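my_file.cif follows; it contains mmCIF, C-alpha atoms and all ligand atoms.
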```cif
data_run
loop_
_atom_site.label_atom_id
_atom_site.label_comp_id
_atom_site.auth_asym_id
_atom_site.auth_seq_id
_atom_site.Cartn_x
_atom_site.Cartn_y
_atom_site.Cartn_z
CA MET A 1399 132.80 95.66 113.00
CA GLY A 1400 131.84 92.54 111.08
CA ILE A 1401 134.29 91.36 108.46
CA VAL A 1402 133.15 88.54 106.25
CA ASN A 1403 135.24 86.72 103.69
CA ILE A 1404 133.28 85.07 100.92
CA GLY A 1405 136.21 83.14 99.52
CA LYS A 1406 138.64 85.84 98.45
CA ILE A 1407 136.04 88.62 98.63
CA ARG A 1408 136.31 90.69 101.79
CA ILE A 1409 133.18 92.49 102.93
CA GLU A 1410 132.96 94.89 105.82
CA ASP A 1411 129.68 94.95 107.78
CA PRO A 1412 127.70 92.92 105.24
CA LEU A 1413 124.20 94.11 104.36
CA ILE A 1414 123.01 92.18 101.35
CA LEU A 1415 119.97 92.91 99.23
CA ALA A 1416 117.92 89.68 99.07
CA PRO A 1417 117.18 88.39 95.58
CA MET A 1418 113.54 89.14 94.73
CA ALA A 1419 112.05 88.14 91.40
CA GLY A 1420 110.47 91.16 89.72
CA THR A 1421 112.06 93.61 92.19
CA THR A 1422 115.81 93.23 92.15
CA THR A 1423 116.35 94.52 88.62
CA PRO A 1424 119.71 96.05 87.64
CA ALA A 1425 118.18 99.51 88.27
CA PHE A 1426 117.00 98.68 91.79
CA ARG A 1427 120.17 96.79 92.62
CA SER A 1428 122.38 99.70 91.63
CA ILE A 1429 120.26 102.13 93.66
CA CYS A 1430 120.54 99.87 96.75
CA HIS A 1431 124.28 99.56 96.22
CA GLY A 1432 124.46 103.35 96.17
CA PHE A 1433 122.89 103.39 99.64
CA GLY A 1434 125.29 100.81 101.01
CA SER A 1435 124.18 97.29 100.18
CA SER A 1436 127.30 95.11 99.98
CA TYR A 1437 126.11 93.04 97.06
CA GLN A 1438 122.87 92.23 95.32
CA PRO A 1439 122.19 88.83 93.75
CA THR A 1440 120.09 88.75 90.59
CA GLU A 1441 116.72 87.10 90.87
CA LEU A 1442 116.71 83.33 90.36
CA VAL A 1443 117.51 82.18 86.81
CA SER A 1444 116.95 78.64 85.55
CA ALA A 1445 120.20 76.74 84.89
CA ARG A 1446 118.28 74.45 82.55
CA SER A 1447 116.92 77.26 80.43
CA ILE A 1448 120.47 78.52 79.88
CA LEU A 1449 121.32 75.02 78.67
CA TYR A 1450 118.25 74.45 76.50
CA SER A 1451 117.33 77.90 75.27
CA GLY A 1452 120.71 79.62 75.23
CA ILE A 1453 122.02 82.45 77.36
CA ASP A 1454 120.46 85.25 75.30
CA LYS A 1455 116.96 84.14 76.28
CA SER A 1456 117.83 84.52 79.98
CA TYR A 1457 120.04 87.57 79.54
CA CYS A 1458 117.30 90.01 80.60
CA TYR A 1459 117.47 88.39 84.08
CA LEU A 1460 121.23 88.00 84.12
CA MET A 1461 122.37 91.43 83.05
CA ILE A 1462 124.41 93.39 85.53
CA ASP A 1463 125.73 96.94 85.49
CA ARG A 1464 129.21 96.16 86.70
CA GLU A 1465 130.17 99.79 87.37
CA ALA A 1466 127.05 100.52 89.43
CA GLU A 1467 126.73 97.28 91.40
CA GLY A 1468 130.10 96.68 93.05
CA ILE A 1469 130.43 92.99 93.96
CA THR A 1470 128.27 91.02 91.52
CA CYS A 1471 126.25 87.86 92.04
CA ILE A 1472 124.03 85.69 89.84
CA GLN A 1473 121.51 83.31 91.41
CA LEU A 1474 120.69 80.05 89.63
CA PHE A 1475 118.12 77.36 90.33
CA GLY A 1476 117.67 73.85 89.03
CA ASN A 1477 117.86 70.20 90.02
CA GLU A 1478 120.43 68.64 87.75
CA PRO A 1479 124.17 68.95 88.50
CA SER A 1480 125.15 68.96 84.82
CA ASP A 1481 122.74 71.86 84.10
CA PHE A 1482 124.58 73.96 86.67
CA GLU A 1483 127.94 72.90 85.32
CA TYR A 1484 126.92 74.04 81.86
CA ALA A 1485 125.15 77.24 82.94
CA ILE A 1486 128.02 78.46 85.14
CA GLY A 1487 130.58 77.72 82.45
CA ARG A 1488 128.45 79.51 79.87
CA ILE A 1489 128.08 82.58 82.13
CA CYS A 1490 131.82 82.66 82.78
CA GLU A 1491 132.56 82.50 79.06
CA ASP A 1492 130.09 85.24 78.12
CA GLU A 1493 131.87 88.55 77.65
CA ARG A 1494 128.85 90.43 79.08
CA LEU A 1495 128.92 88.41 82.32
CA SER A 1496 132.36 86.86 82.76
CA PHE A 1497 133.27 89.44 85.44
CA VAL A 1498 130.64 88.04 87.86
CA ASP A 1499 132.11 87.48 91.33
CA ILE A 1500 129.64 85.10 93.00
CA ILE A 1501 127.32 82.34 91.81
CA ASP A 1502 124.53 81.66 94.29
CA ILE A 1503 122.48 78.46 94.20
CA ASN A 1504 118.84 78.71 95.21
CA MET A 1505 117.80 75.97 97.62
CA GLY A 1506 114.90 77.83 99.18
CA CYS A 1507 112.38 78.91 96.56
CA PRO A 1508 108.98 77.73 97.85
CA VAL A 1509 106.98 78.23 94.64
CA GLN A 1510 105.18 75.03 93.56
CA LYS A 1511 106.25 75.39 89.93
CA VAL A 1512 109.91 75.25 91.04
CA VAL A 1513 109.55 72.75 93.91
CA LYS A 1514 107.72 70.18 91.80
CA THR A 1515 110.73 69.97 89.47
CA GLY A 1516 112.92 69.05 92.47
CA ALA A 1517 114.58 72.50 92.56
CA GLY A 1518 114.54 75.35 95.13
CA SER A 1519 113.21 74.22 98.53
CA ALA A 1520 112.82 70.62 97.31
CA LEU A 1521 116.60 70.25 97.53
CA MET A 1522 116.38 70.52 101.33
CA ARG A 1523 114.66 67.13 101.15
CA ASP A 1524 117.39 65.64 98.98
CA PRO A 1525 120.75 66.49 100.56
CA VAL A 1526 122.59 63.97 98.40
CA LEU A 1527 121.45 65.70 95.22
CA ALA A 1528 122.10 69.13 96.80
CA GLU A 1529 125.70 68.05 97.47
CA LYS A 1530 126.11 66.75 93.93
CA ILE A 1531 124.88 70.07 92.56
CA LEU A 1532 127.31 71.97 94.75
CA LYS A 1533 130.26 69.75 93.88
CA ALA A 1534 129.56 70.06 90.15
CA SER A 1535 129.13 73.84 90.49
CA LEU A 1536 132.26 74.21 92.62
CA LYS A 1537 134.37 72.48 90.03
CA VAL A 1538 133.41 75.09 87.42
CA CYS A 1539 133.48 78.03 89.84
CA ASP A 1540 136.97 77.08 90.99
CA SER A 1541 138.26 76.83 87.47
CA TYR A 1542 137.01 80.35 86.66
CA GLY A 1543 137.95 81.85 90.05
CA LYS A 1544 134.31 82.47 91.11
CA GLU A 1545 132.86 82.08 94.60
CA LEU A 1546 129.92 79.74 95.17
CA THR A 1547 127.24 80.42 97.81
CA VAL A 1548 123.86 78.94 98.74
CA LYS A 1549 120.57 80.49 99.83
CA THR A 1550 118.15 78.24 101.67
CA ARG A 1551 115.54 78.15 104.46
CA ILE A 1552 115.26 76.77 108.01
CA GLY A 1553 113.72 73.54 106.69
CA TYR A 1554 111.07 72.21 104.37
CA ASP A 1555 108.43 72.12 107.08
CA ALA A 1556 108.10 72.68 110.83
CA GLU A 1557 108.96 69.05 111.52
CA ASP A 1558 112.31 69.26 109.64
CA SER A 1559 113.09 72.49 111.38
CA ARG A 1560 112.54 70.92 114.82
CA ASN A 1561 113.92 67.42 114.40
CA GLY A 1562 117.43 68.36 113.29
CA LYS A 1563 116.94 67.50 109.59
CA ALA A 1564 117.41 71.12 108.53
CA GLU A 1565 120.54 71.39 110.66
CA ASP A 1566 121.95 68.22 109.10
CA PHE A 1567 121.25 69.73 105.71
CA ILE A 1568 123.09 72.98 106.41
CA ARG A 1569 125.96 71.09 108.10
CA ARG A 1570 126.42 68.97 104.99
CA ILE A 1571 126.24 71.77 102.46
CA SER A 1572 128.49 74.06 104.45
CA GLN A 1573 131.20 71.42 104.31
CA THR A 1574 131.14 71.04 100.52
CA GLY A 1575 133.43 73.99 99.90
CA VAL A 1576 130.75 76.65 99.31
CA LYS A 1577 131.93 80.02 100.54
CA ALA A 1578 128.83 81.25 102.43
CA VAL A 1579 125.24 80.30 103.24
CA ALA A 1580 122.28 82.65 103.52
CA VAL A 1581 119.26 81.33 105.40
CA HIS A 1582 115.71 82.69 105.39
CA GLY A 1583 114.12 82.09 108.80
CA ARG A 1584 110.98 80.43 107.46
CA THR A 1585 110.24 76.90 106.29
CA ARG A 1586 109.11 76.15 102.76
CA ASP A 1587 105.61 75.43 104.06
CA GLN A 1588 105.42 78.88 105.61
CA MET A 1589 106.20 80.54 102.28
CA TYR A 1590 106.22 84.15 103.53
CA HIS A 1591 103.72 83.74 106.41
CA GLY A 1592 104.36 83.96 110.12
CA ASN A 1593 107.47 85.50 111.62
CA ALA A 1594 111.07 84.63 110.84
CA ASP A 1595 112.18 82.09 113.46
CA ILE A 1596 115.24 83.49 115.21
CA ASP A 1597 115.84 80.36 117.32
CA ALA A 1598 115.82 78.14 114.24
CA LEU A 1599 118.26 80.54 112.54
CA GLN A 1600 120.51 80.34 115.57
CA ARG A 1601 120.48 76.51 115.37
CA MET A 1602 121.25 76.67 111.64
CA LYS A 1603 124.12 79.08 112.30
CA LYS A 1604 125.60 76.68 114.89
CA ALA A 1605 125.28 73.74 112.50
CA SER A 1606 126.96 75.69 109.69
CA GLU A 1607 130.01 76.31 111.89
CA ASP A 1608 131.33 72.84 111.00
CA GLY A 1609 131.99 74.29 107.55
CA ASN A 1610 133.60 77.43 109.00
CA ILE A 1611 131.96 79.72 106.46
CA PRO A 1612 130.00 82.98 106.88
CA PHE A 1613 126.35 82.63 107.84
CA ILE A 1614 123.99 85.29 106.51
CA ALA A 1615 120.67 85.63 108.31
CA ASN A 1616 117.52 86.69 106.48
CA GLY A 1617 113.90 87.33 107.36
CA ASP A 1618 111.91 90.29 108.67
CA ILE A 1619 114.84 92.68 109.07
CA LYS A 1620 113.16 96.04 108.69
CA ASP A 1621 115.01 98.52 110.91
CA THR A 1622 117.99 98.97 113.21
CA GLU A 1623 116.28 97.20 116.09
CA SER A 1624 115.34 94.06 114.16
CA ALA A 1625 118.77 94.00 112.50
CA ARG A 1626 120.61 94.18 115.84
CA LYS A 1627 118.33 91.53 117.33
CA MET A 1628 119.02 89.24 114.37
CA LEU A 1629 122.79 89.67 114.70
CA LYS A 1630 122.83 89.25 118.47
CA GLU A 1631 120.45 86.33 118.81
CA THR A 1632 121.52 84.23 115.83
CA GLY A 1633 125.26 84.99 115.93
CA ALA A 1634 125.07 85.62 112.16
CA ASP A 1635 128.03 87.08 110.33
CA GLY A 1636 125.95 89.06 107.87
CA LEU A 1637 122.42 90.24 107.19
CA MET A 1638 120.23 89.97 104.10
CA ILE A 1639 117.32 92.35 103.62
CA GLY A 1640 114.41 91.76 101.25
CA ARG A 1641 110.94 93.23 101.44
CA ALA A 1642 111.91 96.09 103.73
CA ALA A 1643 114.03 97.44 100.86
CA GLN A 1644 111.11 97.50 98.40
CA GLY A 1645 110.31 101.15 97.84
CA ASN A 1646 112.87 101.91 100.57
CA PRO A 1647 116.46 101.58 99.32
CA TRP A 1648 117.41 104.05 102.08
CA ILE A 1649 117.26 101.13 104.51
CA PHE A 1650 120.87 100.26 103.69
CA ARG A 1651 121.96 103.73 104.83
CA GLU A 1652 119.84 103.37 107.95
CA LEU A 1653 121.40 99.99 108.80
CA LYS A 1654 124.95 101.10 108.04
CA ASP A 1655 125.94 101.20 111.69
CA VAL A 1656 124.17 98.11 113.06
CA TYR A 1657 127.49 96.34 113.49
CA LYS A 1658 128.67 99.21 115.70
CA GLU A 1659 127.05 100.58 118.80
CA LYS A 1660 126.07 103.95 117.37
CA ASP A 1661 122.94 104.47 115.29
CA GLY A 1662 122.85 105.16 111.56
CA ILE A 1663 121.16 108.07 109.85
CA CYS A 1664 117.45 107.35 109.88
CA GLY A 1665 115.87 110.69 109.05
CA LYS A 1666 112.33 110.31 107.78
CA ILE A 1667 112.15 109.92 104.02
CA THR A 1668 109.70 112.43 102.60
CA PHE A 1669 107.05 111.68 99.98
CA GLU A 1670 108.94 114.02 97.64
CA GLU A 1671 112.11 111.94 98.04
CA ARG A 1672 110.15 108.75 97.38
CA LYS A 1673 108.65 110.17 94.20
CA GLU A 1674 112.08 111.29 93.01
CA MET A 1675 113.52 107.84 93.70
CA LEU A 1676 110.67 106.18 91.82
CA LEU A 1677 111.44 108.34 88.79
CA ARG A 1678 115.15 107.66 89.16
CA GLU A 1679 114.56 103.91 89.21
CA LEU A 1680 112.30 104.23 86.20
CA SER A 1681 114.81 106.20 84.19
CA LEU A 1682 117.55 103.70 85.11
CA THR A 1683 115.25 100.84 84.06
CA MET A 1684 114.83 102.58 80.71
CA LYS A 1685 118.59 102.18 80.19
CA TYR A 1686 117.95 98.45 79.82
CA LYS A 1687 114.40 98.21 78.50
CA ASP A 1688 112.09 99.99 76.06
CA GLU A 1689 110.09 102.71 77.76
CA ASN A 1690 106.71 100.92 77.66
CA ILE A 1691 108.18 97.69 78.99
CA ALA A 1692 110.15 99.54 81.67
CA VAL A 1693 107.04 101.36 82.91
CA ARG A 1694 105.05 98.12 83.05
CA GLU A 1695 107.81 96.18 84.78
CA MET A 1696 108.25 98.96 87.32
CA ARG A 1697 104.63 98.65 88.52
CA PRO A 1698 105.34 96.56 91.64
CA SER A 1699 108.20 98.85 92.53
CA MET A 1700 106.06 101.95 91.96
CA MET A 1701 103.43 100.51 94.33
CA ALA A 1702 106.13 100.01 96.96
CA TYR A 1703 107.34 103.63 96.68
CA ILE A 1704 103.86 105.12 97.04
CA LYS A 1705 102.73 102.82 99.87
CA GLY A 1706 101.36 104.89 102.73
CA MET A 1707 101.27 108.17 100.80
CA PRO A 1708 98.06 110.21 101.05
CA GLY A 1709 95.84 109.22 98.11
CA ALA A 1710 97.93 106.10 97.44
CA SER A 1711 95.00 104.00 96.18
CA GLU A 1712 94.01 106.59 93.59
CA LEU A 1713 97.65 107.03 92.61
CA LYS A 1714 97.98 103.27 92.23
CA VAL A 1715 95.17 103.05 89.70
CA LYS A 1716 96.58 105.93 87.68
CA LEU A 1717 100.16 104.64 87.75
CA CYS A 1718 98.98 101.23 86.57
CA SER A 1719 97.57 102.75 83.42
CA ALA A 1720 100.65 104.85 82.63
CA LEU A 1721 102.82 103.76 79.71
CA THR A 1722 105.50 106.43 79.52
CA TYR A 1723 107.96 108.15 81.83
CA ASP A 1724 106.29 111.50 81.22
CA GLU A 1725 102.88 110.10 82.16
CA VAL A 1726 104.28 108.69 85.40
CA LYS A 1727 105.94 112.02 86.17
CA GLU A 1728 102.76 113.92 85.42
CA ILE A 1729 100.68 111.62 87.66
CA LEU A 1730 103.12 112.01 90.53
C1 LIG B 1801 108.56 89.12 95.52
C2 LIG B 1801 109.64 88.21 96.07
C3 LIG B 1801 110.47 87.54 95.19
C4 LIG B 1801 111.48 86.69 95.68
N1 LIG B 1801 112.33 86.11 94.79
C5 LIG B 1801 113.38 85.37 95.26
C6 LIG B 1801 114.37 84.84 94.37
O1 LIG B 1801 114.32 85.04 93.15
N2 LIG B 1801 115.37 84.11 94.92
C7 LIG B 1801 115.48 83.88 96.27
O2 LIG B 1801 116.41 83.22 96.73
N3 LIG B 1801 114.55 84.39 97.13
C8 LIG B 1801 113.55 85.13 96.66
N4 LIG B 1801 112.67 85.71 97.54
C9 LIG B 1801 112.88 85.55 98.99
C10 LIG B 1801 113.72 86.71 99.55
O3 LIG B 1801 115.01 86.68 99.00
C11 LIG B 1801 113.82 86.63 101.09
O4 LIG B 1801 114.43 85.42 101.43
C12 LIG B 1801 112.47 86.74 101.78
O5 LIG B 1801 111.69 87.79 101.24
C13 LIG B 1801 112.64 86.96 103.30
O6 LIG B 1801 113.34 88.12 103.58
P1 LIG B 1801 112.61 89.50 104.03
O7 LIG B 1801 111.75 89.17 105.22
O8 LIG B 1801 113.72 90.45 104.35
O9 LIG B 1801 111.76 89.92 102.87
C14 LIG B 1801 111.65 86.52 97.08
C15 LIG B 1801 110.78 87.20 97.95
C16 LIG B 1801 109.80 88.03 97.47
C17 LIG B 1801 108.92 88.76 98.45
#
```
Target encoding structure tokens, full file:
Amino acid sequence: MGIVNIGKIRIEDPLILAPMAGTTTPAFRSICHGFGSSYQPTELVSARSILYSGIDKSYCYLMIDREAEGITCIQLFGNEPSDFEYAIGRICEDERLSFVDIIDINMGCPVQKVVKTGAGSALMRDPVLAEKILKASLKVCDSYGKELTVKTRIGYDAEDSRNGKAEDFIRRISQTGVKAVAVHGRTRDQMYHGNADIDALQRMKKASEDGNIPFIANGDIKDTESARKMLKETGADGLMIGRAAQGNPWIFRELKDVYKEKDGICGKITFEERKEMLLRELSLTMKYKDENIAVREMRPSMMAYIKGMPGASELKVKLCSALTYDEVKEIL
């Protein structure tokens, strides 16, 4: 069994849903939690926009269904320590969000729009600023009793990943007082291409041991075999699963026993079950959004559920023109 302590939060056999912009909505997160994900960070939210535009503007990304999600986590990005200080304090003072358990700082987003502002992956190239951000964030997190974690990558580029720069980075940030690090086994330059680099993750795990905090490995975990390989070869304390959960929240049930020797339940999910889950996610989304908006925002998720079904391309076109729950149901 793998027990992980993220500060005062104790998690048994951690399987974490990776934050994914546009996918990890409250509806999807609560479904994944129902199948066994330990916690589910929100997608990345700009610390600066909370400061400049107020929390209500960002609330659609921050909202969490506390009852349905178990341990709760908000992910923030930015490049200015005082923005984080303000945003975390503001979240902790907001009666709709003050229960949040974990604040995660994004230091891995590869998107140009984010990187060019010095945020996301760019922070791997500026460890001094990354430390300042973490120290400022820790001060606020500590005062509100929240845990602070970081999600990053195995380096900015292949050179950093090979020459020890990425290891120095993780060694430094894991000694700041953050309570866990999650690392995606690709460099920023790789974006989502190529395979997750298990050896690099193993080196990052070793380097993080100086901070004596849990190391969560991420990248290409898609079934029991890849999950066990990741645990065994990197020595990670926990696993984070992203794309393999899209349209397949059952993966958390399938991976339930990866920390033990026996195998989890991995019966084949039928097309009928996938359609039902799609409708369930849509009706949950409608709890938070107007019907038309919910249907439109669910499009990427709908595509993931129908992937591989007979007639999927025809279904895709029809689903993309649907605007109501009943239309989606009828099409399915
Ligand atoms: C559509 C999409 C959106 C993503 N959004 C975020 C995000 O908001 N924050 C973040 O830290 N990572 C984000 N990621 C990266 C994932 O969290 C994860 O690190 C990556 O997909 C690798 O894991 P996987 O191979 O299990 O998918 C995103 C990935 C995808 C595919």
Taking all atoms listed in the file into account, list the residues no farther than 8 Å from ligand LIG 1801 (chain B), as a JSON list (two decimals) with C-alpha atoms, in the frame of the given file.
```json
[["chain", "number", "residue", "atom", "x", "y", "z"],
["A", 1415, "LEU", "CA", 119.97, 92.91, 99.23],
["A", 1416, "ALA", "CA", 117.92, 89.68, 99.07],
["A", 1417, "PRO", "CA", 117.18, 88.39, 95.58],
["A", 1418, "MET", "CA", 113.54, 89.14, 94.73],
["A", 1419, "ALA", "CA", 112.05, 88.14, 91.40],
["A", 1420, "GLY", "CA", 110.47, 91.16, 89.72],
["A", 1421, "THR", "CA", 112.06, 93.61, 92.19],
["A", 1440, "THR", "CA", 120.09, 88.75, 90.59],
["A", 1441, "GLU", "CA", 116.72, 87.10, 90.87],
["A", 1442, "LEU", "CA", 116.71, 83.33, 90.36],
["A", 1443, "VAL", "CA", 117.51, 82.18, 86.81],
["A", 1473, "GLN", "CA", 121.51, 83.31, 91.41],
["A", 1504, "ASN", "CA", 118.84, 78.71, 95.21],
["A", 1505, "MET", "CA", 117.80, 75.97, 97.62],
["A", 1506, "GLY", "CA", 114.90, 77.83, 99.18],
["A", 1507, "CYS", "CA", 112.38, 78.91, 96.56],
["A", 1549, "LYS", "CA", 120.57, 80.49, 99.83],
["A", 1550, "THR", "CA", 118.15, 78.24, 101.67],
["A", 1551, "ARG", "CA", 115.54, 78.15, 104.46],
["A", 1581, "VAL", "CA", 119.26, 81.33, 105.40],
["A", 1582, "HIS", "CA", 115.71, 82.69, 105.39],
["A", 1583, "GLY", "CA", 114.12, 82.09, 108.80],
["A", 1584, "ARG", "CA", 110.98, 80.43, 107.46],
["A", 1590, "TYR", "CA", 106.22, 84.15, 103.53],
["A", 1594, "ALA", "CA", 111.07, 84.63, 110.84],
["A", 1616, "ASN", "CA", 117.52, 86.69, 106.48],
["A", 1617, "GLY", "CA", 113.90, 87.33, 107.36],
["A", 1618, "ASP", "CA", 111.91, 90.29, 108.67],
["A", 1619, "ILE", "CA", 114.84, 92.68, 109.07],
["A", 1620, "LYS", "CA", 113.16, 96.04, 108.69],
["A", 1638, "MET", "CA", 120.23, 89.97, 104.10],
["A", 1639, "ILE", "CA", 117.32, 92.35, 103.62],
["A", 1640, "GLY", "CA", 114.41, 91.76, 101.25],
["A", 1641, "ARG", "CA", 110.94, 93.23, 101.44],
["A", 1642, "ALA", "CA", 111.91, 96.09, 103.73],
["A", 1643, "ALA", "CA", 114.03, 97.44, 100.86]]
```
Would you mind listing what lies within 12 Å of Met1522 (chain A) as a PyMOL selection string, with only C-alpha atoms counted and same-chain residues fewer than 6 positions away left out? chain A and resi 1477+1504-1508+1513+1516+1528-1529+1548-1555+1558-1559+1563-1571+1581+1585-1586
Write out as JSON, numbers by chain the residues lying within 6 Å of region 1462-1467 of chain A, counting all atoms listed in the file and excluding same-chain residues fewer than 3 positions away. {"A": [1424, 1428, 1431]}
Between CA of Ile1448 (chain A) and CA of Val1576 (chain A) - distance in Å to one decimal: 22.1 Å
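The residue that comes closest to Glu1483 (chain A), out of A:Leu1717, A:Cys1471, A:Val1656, A:Ile1531 and on the basis of only C-alpha atoms, is A:Ile1531.
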So what do you get for CA of Ser1541 (chain A) versus CA of Gly1476 (chain A), distance-wise? 20.9 Å
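The gap separating CA of Asp1595 (chain A) from CA of Leu1546 (chain A) is 25.6 Å, in Å to one decimal.
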Among listed residues A:Asp1621, A:Asp1499, A:Glu1491, A:Glu1712, nearest Lys1654 (chain A) (using only C-alpha atoms): A:Asp1621
Between A:Ile1500, A:Ile1472, A:Ile1429, A:Ala1485, which has the minimum distance to Tyr1450 (chain A) (counting all atoms listed in the file)? A:Ala1485
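Distances from A:Cys1539, A:Ala1425, A:Leu1637, A:Val1402 to Ser1681 (chain A) were compared using only C-alpha atoms, and the smallest one belongs to A:Ala1425.
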From the set A:Glu1725, A:Asp1492, A:Glu1674, A:Asp1608, which residue has the shortest atom-to-atom contact distance to Leu1460 (chain A), counting all atoms listed in the file? A:Asp1492
Edge lengths and centre in Å to one decimal, as JSON, is what I'm after for the box along x, y and z that holds all listed atoms of region 1455-1467 of chain A once 4 Å is added on each side.
```
{"center_x": 123.6, "center_y": 92.3, "center_z": 83.8, "size_x": 21.2, "size_y": 24.4, "size_z": 23.1}
```
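The nearest approach to Arg1494 (chain A) among the residues A:Arg1408, A:Ile1453, A:Ser1519, A:Gln1600, with all atoms listed in the file taken into account, belongs to A:Ile1453.
Contact shell of Tyr1723 (chain A) at 8 Å (all atoms listed in the file; same-chain neighbours under 3 positions omitted): Leu1677, Leu1680, Ser1681, Glu1689, Val1693, Val1726 and Lys1727 of chain A.
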I need every residue sitting at most 8 Å from the point (130.9, 98.4, 105.8) (coordinates as in the file, all atoms listed in the file considered), written as JSON, numbers by chain. {"A": [1399, 1400, 1409, 1410, 1411, 1412, 1434, 1436, 1654]}
Within 7 Å of (124.6, 76.7, 108.8), in the coordinates the file gives, what residues turn up when you count only C-alpha atoms, written out as an mmCIF file with C-alpha atoms, keeping the file's coordinate frame?
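File produced: out35.cif:
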```cif
data_model
loop_
_atom_site.group_PDB
_atom_site.id
_atom_site.type_symbol
_atom_site.label_atom_id
_atom_site.label_comp_id
_atom_site.auth_asym_id
_atom_site.auth_seq_id
_atom_site.Cartn_x
_atom_site.Cartn_y
_atom_site.Cartn_z
ATOM 1 C CA GLU A 1565 120.540 71.390 110.660
ATOM 2 C CA ILE A 1568 123.090 72.980 106.410
ATOM 3 C CA ARG A 1569 125.960 71.090 108.100
ATOM 4 C CA SER A 1572 128.490 74.060 104.450
ATOM 5 C CA VAL A 1579 125.240 80.300 103.240
ATOM 6 C CA MET A 1602 121.250 76.670 111.640
ATOM 7 C CA LYS A 1603 124.120 79.080 112.300
ATOM 8 C CA LYS A 1604 125.600 76.680 114.890
ATOM 9 C CA ALA A 1605 125.280 73.740 112.500
ATOM 10 C CA SER A 1606 126.960 75.690 109.690
ATOM 11 C CA GLU A 1607 130.010 76.310 111.890
ATOM 12 C CA PHE A 1613 126.350 82.630 107.840
#
```
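Every protein, DNA or RNA residue with an atom at most 12 Å from Arg1446 (chain A), where all atoms listed in the file count and chain neighbours fewer than 6 positions away do not, is listed here: A:Gly1452, A:Ile1453, A:Lys1455, A:Ser1456, A:Leu1474, A:Phe1475, A:Gly1476, A:Asn1477, A:Glu1478, A:Pro1479, A:Ser1480, A:Asp1481, A:Phe1482, A:Glu1483, A:Tyr1484, A:Ala1485, A:Ile1486, A:Arg1488, A:Val1512, A:Thr1515, A:Ala1517.
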